[in-house]
Amino acid sequence: MELRKISIRQAAEAVSCGDISAHQLIEETLKNCSVLNEGLNIFTHLAGIDALEQAKAVDRKIEKGERLPLAGLPVAVKDDICYGVLPTSFGSPAFKEFFSPYTATAVERLMDAGAIVIGKTNLDDMSLGSSTVTSPIGPTANPWDTERTAGSAGAAAVATGLCMLALESDSGGALRQGASHCGVIGLRPTTGRISRYGLNASSSSFGQIGITAISGENIISAMEVLSGFDSRDASTAICKEKPVGQDIVPETRELIIGYPAAAFDHLVPDLREVFEQARELYTELGFQFVDLELALLPEALQAYYVIALAESSSNHSRFDGVRFGAAEEAGDLEELYCESRGTILGREARRRSIFGTLLLSKGNYDLYYRQALKVWNLVRREFTDALTKCDLLMLPAVNKLPRLCSEEAGFPDHWSDDIFCAPVSLSGMPSLSLPAGQLGGLPVGMQLVGRPFSEEILAAACDRMVREIKLFPHGNS
């Protein structure tokens, strides 16, 4: 069964009807994972026997007449999301053999629906980054060009057909940029729509669990399982009751898309041309465009990093070798902290912790952190106002092609990669990354940003755009 050419509903139906057993599907998938992982470095851990046992359990449920919406479907889970059967490393060598005593709500819901976790996917140091270049096991290679980074290992797994869904974290844009680099679809949902219980988020305000798939239809199939209230995550309380009228998805031809032209000035000319061509094609399909302004993107990126660094400093303080993480040998308490944290936290995590501590120190708190909170409010207001004039916003997902795996870049350069994604994180709005075209044989993605709880509209627009334009070879055509 070639997973890239069928939908989740079709695959689940094939398993439920006995055309292929869950065990056969997972056995075949694991063989492919072992072969491709050697060259692409997608997985930190593969499930192996545990996945096959899960598959047998799904087959037994089907024999008893149970209907499972995700029956037998292989799913990859990013290694900062807890799953009790496999180690959860958080991108740190100190946790490479750590088994969480519980499983994240999102993972539980997928498994209850019949999905099979085939492995944990690679990530940056403590999940701080959007390229995997700071991963202790090395970067994940891009399936389109193995000398370049995938940005997101989950996106690489979906693009290569190793799984139908990847469960990933997204703070400043790792999921969406990875989807762009690999030519697949990535959704960062409305804040609070998917439970974050079991996610190790360095930035508590912005960390979300999202989904990567090959189509908008598959995204919504997963959302139907994942959405909803979770008593273990108070932020999902808003999702206990679905908003009235949310089941109504308008015809995509009726949608008005806001186009902030000045935002595209941050792109090099060749990359900007990709989006201008995409706009022309979408106009021919019947989408209506309206020009508007998003003036705060640079300030939003700066505010995001001030807040995110401050929260990283606070959240990483628990990794001291006493409360969390293995303790190193030391002569006194200060040496214990220094040695233990130096082992647990990689270079990027230490850098962010130090910067965050500085930003929260006396004098800097009012000068930087408090001002960043004010910008955060202005950004939310700007996005809210913009979406009163249109149904969706169109923004780039990336400002450059994926980096070379061997490239050494300074941290300001890496942080600047988030200029289009981090402001959307501040807004709290749902954002879906989809292919807009190609440049130099590599996919280039754009974001569709919608009003809160408009994921179904985003997915419908996405599939209309991709189906008609046939922008990428890895997806359904």
# chains A, B, ... in the order shown; residues from 1 in each chain; ligands from 1

$ select_by_dssp --residues "range 52-108 of chain A" --states "alpha helix (DSSP H)" --output "PyMOL selection string"
chain A and resi 52-63+105-108

$ residues_around --residues "Leu271 in chain A" --least-positions-apart "6" --cutoff "8 Å" --atoms "only C-alpha atoms" --output "ChimeraX atom specification"
/A:399-400,439

$ write_last_selection --atoms "C-alpha atoms" --output "compact mmCIF listing (two decimals), in the first residue's frame"
# COMPACT_ATOMS: atom_id res chain seq x y z
CA ASN A 399 12.38 33.28 3.95
CA LYS A 400 14.94 31.03 2.27
CA LEU A 439 12.60 27.06 -6.66

$ residues_around --residues "Phe43 in chain A" --least-positions-apart "3" --cutoff "9 Å" --atoms "only C-alpha atoms" --output "PDB file with N, CA and C atoms, in the first residue's frame"
ATOM      1  N   CYS A  33      11.188   2.001   6.970  1.00  0.00           N
ATOM      2  CA  CYS A  33      11.812   2.950   7.908  1.00  0.00           C
ATOM      3  C   CYS A  33      13.279   2.602   8.139  1.00  0.00           C
ATOM      4  N   ASN A  37      15.906   5.347   6.955  1.00  0.00           N
ATOM      5  CA  ASN A  37      16.427   6.092   8.096  1.00  0.00           C
ATOM      6  C   ASN A  37      17.946   6.183   8.064  1.00  0.00           C
ATOM      7  N   LEU A  40      18.505   9.266   5.772  1.00  0.00           N
ATOM      8  CA  LEU A  40      17.815  10.518   6.076  1.00  0.00           C
ATOM      9  C   LEU A  40      17.878  10.914   7.547  1.00  0.00           C
ATOM     10  N   LEU A  46      12.904   3.669  16.774  1.00  0.00           N
ATOM     11  CA  LEU A  46      11.857   2.962  16.036  1.00  0.00           C
ATOM     12  C   LEU A  46      11.161   1.978  16.968  1.00  0.00           C
ATOM     13  N   ALA A  76       4.116   8.934  13.189  1.00  0.00           N
ATOM     14  CA  ALA A  76       5.394   9.285  13.803  1.00  0.00           C
ATOM     15  C   ALA A  76       5.154  10.385  14.833  1.00  0.00           C
ATOM     16  N   LYS A  78       7.060  13.272  17.364  1.00  0.00           N
ATOM     17  CA  LYS A  78       8.294  14.019  17.641  1.00  0.00           C
ATOM     18  C   LYS A  78       8.803  13.702  19.033  1.00  0.00           C
ATOM     19  N   ASP A  79      10.117  13.707  19.190  1.00  0.00           N
ATOM     20  CA  ASP A  79      10.712  13.200  20.420  1.00  0.00           C
ATOM     21  C   ASP A  79      10.701  14.180  21.590  1.00  0.00           C
ATOM     22  N   GLY A 119       7.497   5.287  15.564  1.00  0.00           N
ATOM     23  CA  GLY A 119       8.776   5.771  16.066  1.00  0.00           C
ATOM     24  C   GLY A 119       8.724   7.212  16.508  1.00  0.00           C
ATOM     25  N   LYS A 120       9.831   7.648  17.152  1.00  0.00           N
ATOM     26  CA  LYS A 120       9.994   9.039  17.584  1.00  0.00           C
ATOM     27  C   LYS A 120      10.937   9.728  16.609  1.00  0.00           C
ATOM     28  N   THR A 121      10.598  10.960  16.239  1.00  0.00           N
ATOM     29  CA  THR A 121      11.357  11.652  15.202  1.00  0.00           C
ATOM     30  C   THR A 121      12.365  12.641  15.784  1.00  0.00           C
ATOM     31  N   ASN A 122      13.395  12.878  15.000  1.00  0.00           N
ATOM     32  CA  ASN A 122      14.531  13.715  15.364  1.00  0.00           C
ATOM     33  C   ASN A 122      14.103  15.167  15.619  1.00  0.00           C
ATOM     34  N   THR A 140      18.395  15.932  10.177  1.00  0.00           N
ATOM     35  CA  THR A 140      17.606  15.092   9.275  1.00  0.00           C
ATOM     36  C   THR A 140      17.756  15.638   7.863  1.00  0.00           C
ATOM     37  N   ALA A 153      11.823  16.476  11.000  1.00  0.00           N
ATOM     38  CA  ALA A 153      11.927  15.043  10.705  1.00  0.00           C
ATOM     39  C   ALA A 153      10.557  14.436  10.434  1.00  0.00           C
ATOM     40  N   GLY A 154       9.521  14.946  11.103  1.00  0.00           N
ATOM     41  CA  GLY A 154       8.172  14.447  10.854  1.00  0.00           C
ATOM     42  C   GLY A 154       7.724  14.725   9.435  1.00  0.00           C
ATOM     43  N   ALA A 157       9.350  12.264   7.187  1.00  0.00           N
ATOM     44  CA  ALA A 157       8.709  10.954   7.278  1.00  0.00           C
ATOM     45  C   ALA A 157       7.434  10.903   6.445  1.00  0.00           C
TER      46      ALA A 157
END

$ residues_around --residues "range 312-327 of chain A" --least-positions-apart "2" --cutoff "6 Å" --atoms "only C-alpha atoms" --output "list of chain:residue names"
A:Ser202, A:Ser203, A:Leu309, A:Ala310, A:Tyr337, A:Ser340, A:Arg341, A:Ser353, A:Gly356, A:Thr357

$ write_last_selection --atoms "N, CA and C atoms" --output "short mmCIF file (atom, residue, chain, number, x, y, z; two decimals), in the first residue's frame"
data_model
loop_
_atom_site.label_atom_id
_atom_site.label_comp_id
_atom_site.auth_asym_id
_atom_site.auth_seq_id
_atom_site.Cartn_x
_atom_site.Cartn_y
_atom_site.Cartn_z
N SER A 202 9.55 24.32 25.72
CA SER A 202 10.48 25.28 26.32
C SER A 202 9.82 26.64 26.49
N SER A 203 8.93 26.97 25.56
CA SER A 203 8.17 28.22 25.64
C SER A 203 6.70 27.87 25.91
N LEU A 309 12.74 33.33 25.00
CA LEU A 309 13.99 33.13 25.73
C LEU A 309 13.77 33.23 27.24
N ALA A 310 12.95 34.16 27.66
CA ALA A 310 12.65 34.30 29.08
C ALA A 310 11.98 33.03 29.62
N TYR A 337 25.55 21.85 39.71
CA TYR A 337 24.66 22.52 38.76
C TYR A 337 25.36 22.75 37.42
N SER A 340 26.14 19.31 35.61
CA SER A 340 24.93 18.60 35.21
C SER A 340 24.20 19.33 34.09
N ARG A 341 24.05 20.64 34.23
CA ARG A 341 23.34 21.42 33.20
C ARG A 341 24.15 21.46 31.91
N SER A 353 18.93 29.89 27.66
CA SER A 353 18.75 30.03 29.10
C SER A 353 19.50 31.24 29.63
N GLY A 356 17.80 34.40 28.37
CA GLY A 356 16.52 34.56 29.07
C GLY A 356 16.70 35.07 30.48
N THR A 357 17.71 34.56 31.17
CA THR A 357 17.99 35.02 32.53
C THR A 357 18.39 36.49 32.52
#

$ residues_around --residues "range 383-386 of chain A" --least-positions-apart "5" --cutoff "9 Å" --atoms "only C-alpha atoms" --output "NGL selection string"
:A and (258 or 292-294 or 378 or 393 or 424 or 427 or 429 or 451)

$ residues_around --residues "Val117 in chain A" --least-positions-apart "3" --cutoff "10 Å" --atoms "only C-alpha atoms" --output "ChimeraX atom specification"
/A:26,46-48,50-52,54-55,72-77,83,85-86,107,110-111,114,120,163,165-167

$ atom_distance --atom1 "CA of Ser231 in chain A" --atom2 "CA of Leu199 in chain A"
15.0 Å

$ atom_distance --atom1 "CA of Pro87 in chain A" --atom2 "CA of Asn142 in chain A"
24.3 Å

$ atom_distance --atom1 "CA of Ser235 in chain A" --atom2 "CA of Tyr197 in chain A"
9.7 Å

$ closest_residue --among "A:Val15, A:Val466, A:Val379, A:Leu30" --to "Arg60 in chain A" --atoms "only C-alpha atoms"
A:Val15

$ residues_around --residues "Asp270 in chain A" --least-positions-apart "4" --cutoff "12 Å" --atoms "only C-alpha atoms" --output "PDB file with N, CA and C atoms, in the first residue's frame"
ATOM      1  N   PHE A 264       6.134  40.455   1.832  1.00  0.00           N
ATOM      2  CA  PHE A 264       6.925  39.713   0.860  1.00  0.00           C
ATOM      3  C   PHE A 264       8.195  40.457   0.473  1.00  0.00           C
ATOM      4  N   ASP A 265       8.346  41.710   0.943  1.00  0.00           N
ATOM      5  CA  ASP A 265       9.580  42.457   0.705  1.00  0.00           C
ATOM      6  C   ASP A 265      10.753  41.857   1.472  1.00  0.00           C
ATOM      7  N   HIS A 266      10.477  41.022   2.469  1.00  0.00           N
ATOM      8  CA  HIS A 266      11.539  40.389   3.252  1.00  0.00           C
ATOM      9  C   HIS A 266      12.156  39.205   2.515  1.00  0.00           C
ATOM     10  N   VAL A 274       7.933  33.326  -6.694  1.00  0.00           N
ATOM     11  CA  VAL A 274       7.162  32.099  -6.509  1.00  0.00           C
ATOM     12  C   VAL A 274       5.776  32.425  -5.955  1.00  0.00           C
ATOM     13  N   PHE A 275       5.722  33.318  -4.987  1.00  0.00           N
ATOM     14  CA  PHE A 275       4.444  33.660  -4.360  1.00  0.00           C
ATOM     15  C   PHE A 275       3.577  34.528  -5.269  1.00  0.00           C
ATOM     16  N   GLU A 276       4.205  35.391  -6.028  1.00  0.00           N
ATOM     17  CA  GLU A 276       3.429  36.207  -6.963  1.00  0.00           C
ATOM     18  C   GLU A 276       2.785  35.337  -8.040  1.00  0.00           C
ATOM     19  N   GLN A 277       3.530  34.319  -8.504  1.00  0.00           N
ATOM     20  CA  GLN A 277       2.962  33.386  -9.476  1.00  0.00           C
ATOM     21  C   GLN A 277       1.837  32.574  -8.845  1.00  0.00           C
ATOM     22  N   ASN A 399      11.750  32.149   4.632  1.00  0.00           N
ATOM     23  CA  ASN A 399      12.378  33.277   3.953  1.00  0.00           C
ATOM     24  C   ASN A 399      13.584  32.859   3.129  1.00  0.00           C
ATOM     25  N   LYS A 400      13.843  31.543   3.080  1.00  0.00           N
ATOM     26  CA  LYS A 400      14.937  31.026   2.268  1.00  0.00           C
ATOM     27  C   LYS A 400      14.750  29.529   2.072  1.00  0.00           C
ATOM     28  N   LEU A 401      15.489  28.978   1.138  1.00  0.00           N
ATOM     29  CA  LEU A 401      15.478  27.534   0.913  1.00  0.00           C
ATOM     30  C   LEU A 401      16.144  26.830   2.098  1.00  0.00           C
ATOM     31  N   GLY A 437       4.937  26.417  -4.617  1.00  0.00           N
ATOM     32  CA  GLY A 437       5.677  26.280  -5.851  1.00  0.00           C
ATOM     33  C   GLY A 437       7.032  25.672  -5.590  1.00  0.00           C
ATOM     34  N   GLN A 438       7.926  25.804  -6.535  1.00  0.00           N
ATOM     35  CA  GLN A 438       9.269  25.275  -6.409  1.00  0.00           C
ATOM     36  C   GLN A 438      10.287  26.317  -6.843  1.00  0.00           C
ATOM     37  N   LEU A 439      11.483  26.203  -6.285  1.00  0.00           N
ATOM     38  CA  LEU A 439      12.599  27.064  -6.659  1.00  0.00           C
ATOM     39  C   LEU A 439      13.859  26.218  -6.618  1.00  0.00           C
ATOM     40  N   GLY A 440      14.536  26.120  -7.738  1.00  0.00           N
ATOM     41  CA  GLY A 440      15.740  25.303  -7.798  1.00  0.00           C
ATOM     42  C   GLY A 440      15.476  23.836  -7.520  1.00  0.00           C
ATOM     43  N   VAL A 444       8.668  25.211  -2.017  1.00  0.00           N
ATOM     44  CA  VAL A 444       8.571  26.441  -1.231  1.00  0.00           C
ATOM     45  C   VAL A 444       7.147  26.520  -0.693  1.00  0.00           C
TER      46      VAL A 444
END
